[in-house]
$ cat entry-v2.txt   # compact mmCIF, C-alpha atoms and all ligand atoms
# COMPACT_ATOMS: atom_id res chain seq x y z
CA MET A 1 7.74 -9.15 6.19
CA ILE A 2 5.65 -6.01 6.67
CA ARG A 3 1.92 -6.61 7.10
CA VAL A 4 -0.75 -3.95 6.90
CA GLU A 5 -4.15 -5.30 7.93
CA SER A 6 -7.42 -3.37 7.56
CA VAL A 7 -5.80 -0.05 8.46
CA GLY A 8 -7.99 3.04 8.63
CA LYS A 9 -7.01 6.65 9.28
CA GLN A 10 -8.99 9.86 9.40
CA PHE A 11 -7.86 13.47 9.60
CA ALA A 12 -10.59 15.76 10.95
CA SER A 13 -13.31 13.20 10.10
CA ARG A 14 -12.01 12.83 6.51
CA SER A 15 -11.05 9.23 5.70
CA VAL A 16 -7.53 9.17 4.26
CA LEU A 17 -6.88 5.41 4.55
CA LYS A 18 -9.81 3.03 4.22
CA ASN A 19 -9.47 -0.56 5.38
CA LEU A 20 -6.05 -0.85 3.78
CA SER A 21 -4.43 -4.31 3.59
CA PHE A 22 -1.26 -5.52 1.89
CA SER A 23 2.05 -7.16 2.69
CA VAL A 24 5.66 -6.54 1.73
CA PRO A 25 7.58 -9.83 1.51
CA ASP A 26 11.23 -10.30 2.50
CA GLY A 27 13.73 -10.19 -0.35
CA GLN A 28 11.40 -8.18 -2.57
CA ILE A 29 11.02 -4.57 -3.63
CA THR A 30 7.45 -3.28 -3.47
CA ALA A 31 6.51 0.10 -4.95
CA LEU A 32 3.65 2.19 -3.61
CA LEU A 33 2.10 4.38 -6.30
CA GLY A 34 -0.71 6.88 -6.10
CA ALA A 35 -1.75 10.35 -7.16
CA ASN A 36 -0.82 13.32 -4.96
CA GLY A 37 -2.84 13.03 -1.78
CA ALA A 38 -3.73 9.33 -2.27
CA GLY A 39 -2.43 8.49 1.22
CA LYS A 40 1.05 7.04 0.55
CA THR A 41 2.99 9.11 3.08
CA THR A 42 0.28 8.60 5.71
CA CYS A 43 0.53 4.86 5.16
CA LEU A 44 4.35 4.86 5.36
CA ARG A 45 4.26 6.97 8.54
CA ILE A 46 1.85 4.52 10.18
CA ILE A 47 4.11 1.58 9.29
CA SER A 48 7.05 3.55 10.70
CA GLY A 49 5.22 4.07 14.00
CA LEU A 50 5.32 7.86 13.53
CA LEU A 51 1.54 8.07 13.26
CA LYS A 52 -1.16 5.94 14.89
CA ALA A 53 -3.80 4.16 12.82
CA ASP A 54 -7.41 4.60 13.95
CA SER A 55 -8.15 0.97 13.21
CA GLY A 56 -6.43 -2.17 11.96
CA LYS A 57 -2.95 -3.50 12.61
CA VAL A 58 0.58 -3.15 11.23
CA SER A 59 3.38 -5.60 11.96
CA VAL A 60 7.06 -5.48 11.04
CA GLY A 61 8.94 -8.77 11.26
CA GLY A 62 6.00 -10.18 13.22
CA LEU A 63 6.02 -7.35 15.78
CA ASP A 64 2.90 -5.25 16.21
CA VAL A 65 4.00 -1.65 15.60
CA ALA A 66 1.41 -0.15 17.98
CA ARG A 67 2.17 -2.53 20.86
CA HIS A 68 5.94 -2.99 20.42
CA ARG A 69 6.88 0.31 18.83
CA LEU A 70 10.56 0.38 19.76
CA ALA A 71 11.25 -3.28 19.01
CA ALA A 72 9.48 -2.92 15.66
CA ARG A 73 11.49 0.24 14.89
CA ARG A 74 14.73 -1.69 15.49
CA GLN A 75 13.77 -3.95 12.59
CA LEU A 76 13.05 -1.02 10.31
CA GLY A 77 15.09 1.55 8.39
CA ILE A 78 13.25 4.70 7.36
CA VAL A 79 14.15 7.22 4.67
CA GLY A 80 11.45 9.87 5.09
CA ASP A 81 10.24 12.77 3.01
CA ARG A 82 11.47 15.52 5.34
CA GLU A 83 14.73 14.31 6.76
CA GLY A 84 16.37 16.52 9.32
CA LEU A 85 20.15 16.37 9.44
CA TYR A 86 21.87 17.92 12.44
CA GLU A 87 23.77 20.58 10.58
CA ARG A 88 26.48 21.13 13.17
CA LEU A 89 27.53 17.48 13.12
CA THR A 90 29.82 15.85 10.59
CA VAL A 91 28.50 12.80 8.78
CA GLU A 92 30.57 10.54 11.01
CA GLU A 93 29.27 12.22 14.19
CA TYR A 94 25.69 12.14 12.94
CA LEU A 95 25.81 8.44 12.06
CA THR A 96 27.63 7.61 15.30
CA PHE A 97 24.80 9.28 17.20
CA PHE A 98 22.10 7.22 15.45
CA ALA A 99 24.10 4.01 15.66
CA GLY A 100 24.40 4.59 19.42
CA ALA A 101 20.63 5.09 19.63
CA GLN A 102 20.26 1.68 18.00
CA GLY A 103 22.45 0.13 20.71
CA LEU A 104 25.65 -0.19 18.65
CA ALA A 105 28.95 0.36 20.47
CA GLY A 106 32.64 -0.53 20.31
CA GLU A 107 33.77 -2.72 17.43
CA ALA A 108 30.23 -3.33 16.18
CA LEU A 109 29.77 0.43 15.88
CA GLU A 110 33.08 0.82 14.00
CA ARG A 111 32.14 -1.98 11.60
CA ALA A 112 28.70 -0.47 10.99
CA LEU A 113 30.19 2.96 10.22
CA GLU A 114 32.83 1.51 7.91
CA SER A 115 30.26 -0.54 6.08
CA VAL A 116 27.91 2.38 5.24
CA ARG A 117 30.86 4.68 4.46
CA VAL A 118 32.06 2.29 1.75
CA GLU A 119 28.69 1.09 0.51
CA LEU A 120 27.22 4.57 0.07
CA GLU A 121 30.44 6.19 -1.17
CA LEU A 122 30.54 8.72 1.67
CA ASP A 123 34.32 9.24 1.77
CA SER A 124 34.32 12.75 0.34
CA VAL A 125 31.77 14.06 2.88
CA TRP A 126 32.60 11.86 5.89
CA ASN A 127 34.25 14.61 7.94
CA ARG A 128 32.13 17.49 6.65
CA ARG A 129 29.35 19.14 8.63
CA THR A 130 26.04 18.43 6.92
CA LYS A 131 25.01 22.11 6.69
CA GLY A 132 24.58 23.04 3.04
CA PHE A 133 24.63 19.45 1.75
CA SER A 134 23.21 18.86 -1.73
CA GLN A 135 20.07 16.79 -2.22
CA GLY A 136 22.15 13.77 -3.27
CA GLU A 137 24.48 14.08 -0.28
CA ARG A 138 21.50 14.37 2.06
CA MET A 139 19.89 11.28 0.58
CA LYS A 140 23.08 9.24 1.01
CA VAL A 141 23.38 10.28 4.65
CA SER A 142 19.68 9.55 5.27
CA LEU A 143 20.07 6.14 3.70
CA ALA A 144 23.21 5.47 5.74
CA ARG A 145 21.29 6.40 8.87
CA ALA A 146 18.45 4.06 7.90
CA LEU A 147 20.83 1.17 7.25
CA ILE A 148 23.32 1.64 10.09
CA HIS A 149 21.71 -1.09 12.24
CA ARG A 150 21.18 -3.41 9.24
CA PRO A 151 17.40 -3.63 9.53
CA GLY A 152 15.53 -6.41 7.75
CA HIS A 153 12.94 -3.92 6.47
CA LEU A 154 13.36 -0.61 4.67
CA ILE A 155 10.81 2.10 3.92
CA LEU A 156 11.55 5.00 1.59
CA ASP A 157 9.27 7.92 0.74
CA GLU A 158 10.06 9.18 -2.78
CA PRO A 159 13.77 8.44 -2.35
CA THR A 160 14.95 9.63 -5.77
CA ARG A 161 13.19 13.01 -5.65
CA GLY A 162 15.71 15.70 -6.54
CA LEU A 163 18.58 13.29 -7.18
CA ASP A 164 20.93 13.53 -10.14
CA VAL A 165 21.59 10.52 -12.38
CA LEU A 166 24.57 9.17 -10.43
CA ALA A 167 22.96 9.54 -7.02
CA ALA A 168 19.76 7.86 -8.27
CA ARG A 169 21.84 5.09 -9.78
CA LEU A 170 23.71 4.50 -6.49
CA LEU A 171 20.39 4.35 -4.66
CA ARG A 172 18.98 1.80 -7.11
CA LYS A 173 22.14 -0.30 -6.86
CA THR A 174 21.93 -0.24 -3.06
CA LEU A 175 18.27 -1.27 -3.07
CA LEU A 176 18.99 -4.20 -5.37
CA GLN A 177 21.85 -5.35 -3.11
CA LEU A 178 19.61 -5.12 -0.06
CA ARG A 179 16.92 -7.10 -1.84
CA ALA A 180 19.48 -9.83 -2.61
CA GLN A 181 20.33 -9.90 1.11
CA GLY A 182 16.67 -10.57 1.93
CA THR A 183 15.51 -7.10 2.99
CA ALA A 184 11.81 -6.30 2.62
CA ILE A 185 11.72 -2.94 0.80
CA LEU A 186 8.74 -0.61 0.35
CA PHE A 187 9.15 2.68 -1.49
CA SER A 188 6.80 5.33 -2.83
CA SER A 189 7.48 6.94 -6.16
CA HIS A 190 5.99 8.93 -9.01
CA VAL A 191 8.71 7.82 -11.46
CA MET A 192 7.37 4.96 -13.57
CA ALA A 193 10.69 4.02 -15.20
CA GLU A 194 12.26 3.51 -11.81
CA VAL A 195 9.26 1.53 -10.55
CA SER A 196 9.38 -0.75 -13.62
CA GLU A 197 13.09 -1.30 -13.23
CA LEU A 198 13.16 -1.98 -9.50
CA SER A 199 9.89 -3.47 -8.38
CA ASP A 200 8.89 -7.07 -7.91
CA SER A 201 5.47 -5.89 -6.96
CA VAL A 202 3.46 -2.67 -7.34
CA LEU A 203 0.64 -1.37 -5.14
CA VAL A 204 -1.55 1.30 -6.70
CA MET A 205 -3.38 3.44 -4.17
CA SER A 206 -6.29 5.75 -4.91
CA GLU A 207 -8.12 7.78 -2.26
CA GLY A 208 -6.90 5.57 0.55
CA VAL A 209 -7.61 2.15 -0.97
CA ILE A 210 -5.50 -0.26 -3.00
CA VAL A 211 -6.94 -0.39 -6.53
CA GLY A 212 -4.24 -2.55 -8.10
CA HIS A 213 -1.60 -4.98 -6.83
CA GLY A 214 0.77 -7.20 -8.78
CA ALA A 215 4.01 -7.44 -10.69
CA PRO A 216 4.45 -4.56 -13.18
CA GLU A 217 3.72 -6.92 -16.11
CA GLU A 218 0.62 -8.29 -14.37
CA LEU A 219 -0.80 -4.81 -13.85
CA MET A 220 -0.21 -3.96 -17.49
CA HIS A 221 -1.92 -7.18 -18.53
CA LEU A 222 -4.89 -6.75 -16.17
CA SER A 223 -5.58 -3.20 -17.23
CA GLY A 224 -5.02 -4.06 -20.90
CA THR A 225 -2.46 -1.30 -21.34
CA GLY A 226 0.98 -1.38 -22.91
CA SER A 227 2.99 0.46 -20.30
CA LEU A 228 3.14 0.76 -16.54
CA GLU A 229 2.34 4.46 -16.78
CA GLU A 230 -0.87 3.84 -18.73
CA SER A 231 -1.75 1.01 -16.41
CA PHE A 232 -1.22 3.31 -13.40
CA VAL A 233 -3.35 6.06 -14.94
CA ALA A 234 -6.12 3.55 -15.72
CA LEU A 235 -6.11 2.18 -12.18
CA ALA A 236 -5.51 5.33 -10.17
CA TYR A 237 -7.71 7.74 -12.14
CA GLY A 238 -10.05 5.40 -14.01
CA ILE A 239 -8.75 6.81 -17.26
CA LYS A 240 -7.53 4.61 -20.08
CA GLY A 241 -4.78 6.34 -22.03
CA THR A 242 -4.52 6.24 -25.79
CA SER A 243 -1.37 5.93 -27.84
CA HIS A 244 -1.53 9.72 -28.27
CA GLY A 245 -1.45 10.26 -24.54
CA GLU A 246 -5.08 11.40 -24.47
CA GLY A 247 -7.41 9.82 -21.98
CA VAL A 248 -10.96 8.53 -21.88
CA LEU A 249 -13.00 7.57 -18.85
CA VAL A 250 -13.71 3.85 -18.50
N1 LIG B 301 -1.51 15.80 9.52
C1 LIG B 301 -2.50 15.91 8.62
N2 LIG B 301 -3.62 16.61 8.92
C2 LIG B 301 -4.64 16.72 8.03
N3 LIG B 301 -4.64 16.16 6.81
C3 LIG B 301 -3.54 15.47 6.45
C4 LIG B 301 -2.41 15.30 7.34
N4 LIG B 301 -1.48 14.54 6.71
C5 LIG B 301 -1.99 14.27 5.49
N5 LIG B 301 -3.21 14.81 5.34
C6 LIG B 301 -4.07 14.70 4.16
O1 LIG B 301 -4.24 13.32 3.86
C7 LIG B 301 -4.25 13.11 2.46
C8 LIG B 301 -3.15 12.10 2.11
O2 LIG B 301 -1.89 12.72 2.29
P1 LIG B 301 -0.52 11.94 2.02
O3 LIG B 301 0.57 12.89 2.34
O4 LIG B 301 -0.56 10.64 2.73
O5 LIG B 301 -0.61 11.70 0.44
P2 LIG B 301 0.50 11.19 -0.57
O6 LIG B 301 -0.13 10.08 -1.35
O7 LIG B 301 1.75 10.88 0.13
O8 LIG B 301 0.67 12.46 -1.52
P3 LIG B 301 1.97 13.02 -2.34
O9 LIG B 301 2.15 12.13 -3.51
O10 LIG B 301 1.52 14.40 -2.73
O11 LIG B 301 3.13 13.05 -1.39
C9 LIG B 301 -4.05 14.46 1.82
O12 LIG B 301 -5.31 14.96 1.46
C10 LIG B 301 -3.44 15.32 2.91
O13 LIG B 301 -3.78 16.67 2.78
$ encode --input "entry-v2.txt" --output "structure tokens" --more "lines below"
Ligand SMILES: Nc1ncnc2c1ncn2[C@@H]1O[C@H](COP(=O)(O)OP(=O)(O)OP(=O)(O)O)[C@@H](O)[C@H]1O
Amino acid sequence: MIRVESVGKQFASRSVLKNLSFSVPDGQITALLGANGAGKTTCLRIISGLLKADSGKVSVGGLDVARHRLAARRQLGIVGDREGLYERLTVEEYLTFFAGAQGLAGEALERALESVRVELELDSVWNRRTKGFSQGERMKVSLARALIHRPGHLILDEPTRGLDVLAARLLRKTLLQLRAQGTAILFSSHVMAEVSELSDSVLVMSEGVIVGHGAPEELMHLSGTGSLEESFVALAYGIKGTSHGEGVLV
């Protein structure tokens, strides 16, 4: 489980996260929605230990991220929004490097490599240098890197951005398999169809606070709207959509 408790963050005295609290249970997919600039990436970076919160606490698998950063990171896979691949390395070399950094060696390392190669359909690029990789190829390698040590928790920042239909489908299939294996998954997205299809639970963030939390159907019911998109717009912007797509302030 990932727990975010009363987290606050400011940039140059501007509050970006305000007393934020939520949890991401094991074996569930939780979506984090919000308008541009709502604070999603900041929140994901704090959970990942890449950024320090000014106040509050984050734990991953019971480990406080600020106090036990490395141990918490071992329990976490991260697919970020600006992934750097080492362009001179082949996929196999790149993943071997990260697997080594996670303490994998010998047979365990071989098994881990084999497992992500098959699961993420990496055969055709396995021995290619990553320079010039397409968006879909980059995503698969990033996901393989995140999963190489089989973490119990996975965080993804807009993972389907720029992906074609097949790559997005492979990603969704992988996330559903991981959920079935008990992984706690948190992903940010702007794509409502994908959020509806994948999520057990949705968090709607607006200006650094959670303004809605529940199963997609619950949010639709609570906001009295007929679709997740309208429900999101009502919660995140305070605008209730009409059947013509126009909006009125509530
Ligand atoms: N390092 C930083 N320094 C100053 N301000 C920052 C920094 N990082 C983020 N911000 C600001 O914090 C706010 C939240 O940014 P964040 O990237 O978390 O939003 P987001 O919800 O992920 O947006 P998007 O959907 O556009 O990716 C924005 O106003 C952004 O400009």
$ closest_residue --input "entry-v2.txt" --among "A:Ser223, A:Gln177, A:Asn127, A:Ser188" --to "A:Gly27" --atoms "only C-alpha atoms"
A:Gln177
$ residues_near_ligand --input "entry-v2.txt" --ligand "ligand LIG 301 (chain B)" --cutoff "12 Å" --atoms "only C-alpha atoms and all ligand atoms" --output "NGL selection string"
:A and (8-18 or 32-46 or 50-52 or 80-82 or 156-159 or 161 or 187-191 or 204-210 or 236)
$ closest_residue --input "entry-v2.txt" --among "A:Tyr237, A:Arg69, A:Ser227, A:Leu120" --to "A:Leu175" --atoms "all atoms listed in the file"
A:Leu120
$ atom_distance --input "entry-v2.txt" --atom1 "atom CA of A:Leu222" --atom2 "atom CA of A:Met192"
17.2 Å
$ residues_around --input "entry-v2.txt" --residues "A:Glu119" --least-positions-apart "3" --cutoff "9 Å" --atoms "only C-alpha atoms" --output "MDAnalysis selection string"
chainID A and resid 114:116 122 144 174
$ atom_distance --input "entry-v2.txt" --atom1 "atom CA of A:Ser201" --atom2 "atom CA of A:Ala215"
4.3 Å
$ closest_residue --input "entry-v2.txt" --among "A:Phe98, A:Leu219, A:Gly106, A:Arg111" --to "A:Gly77" --atoms "only C-alpha atoms"
A:Phe98
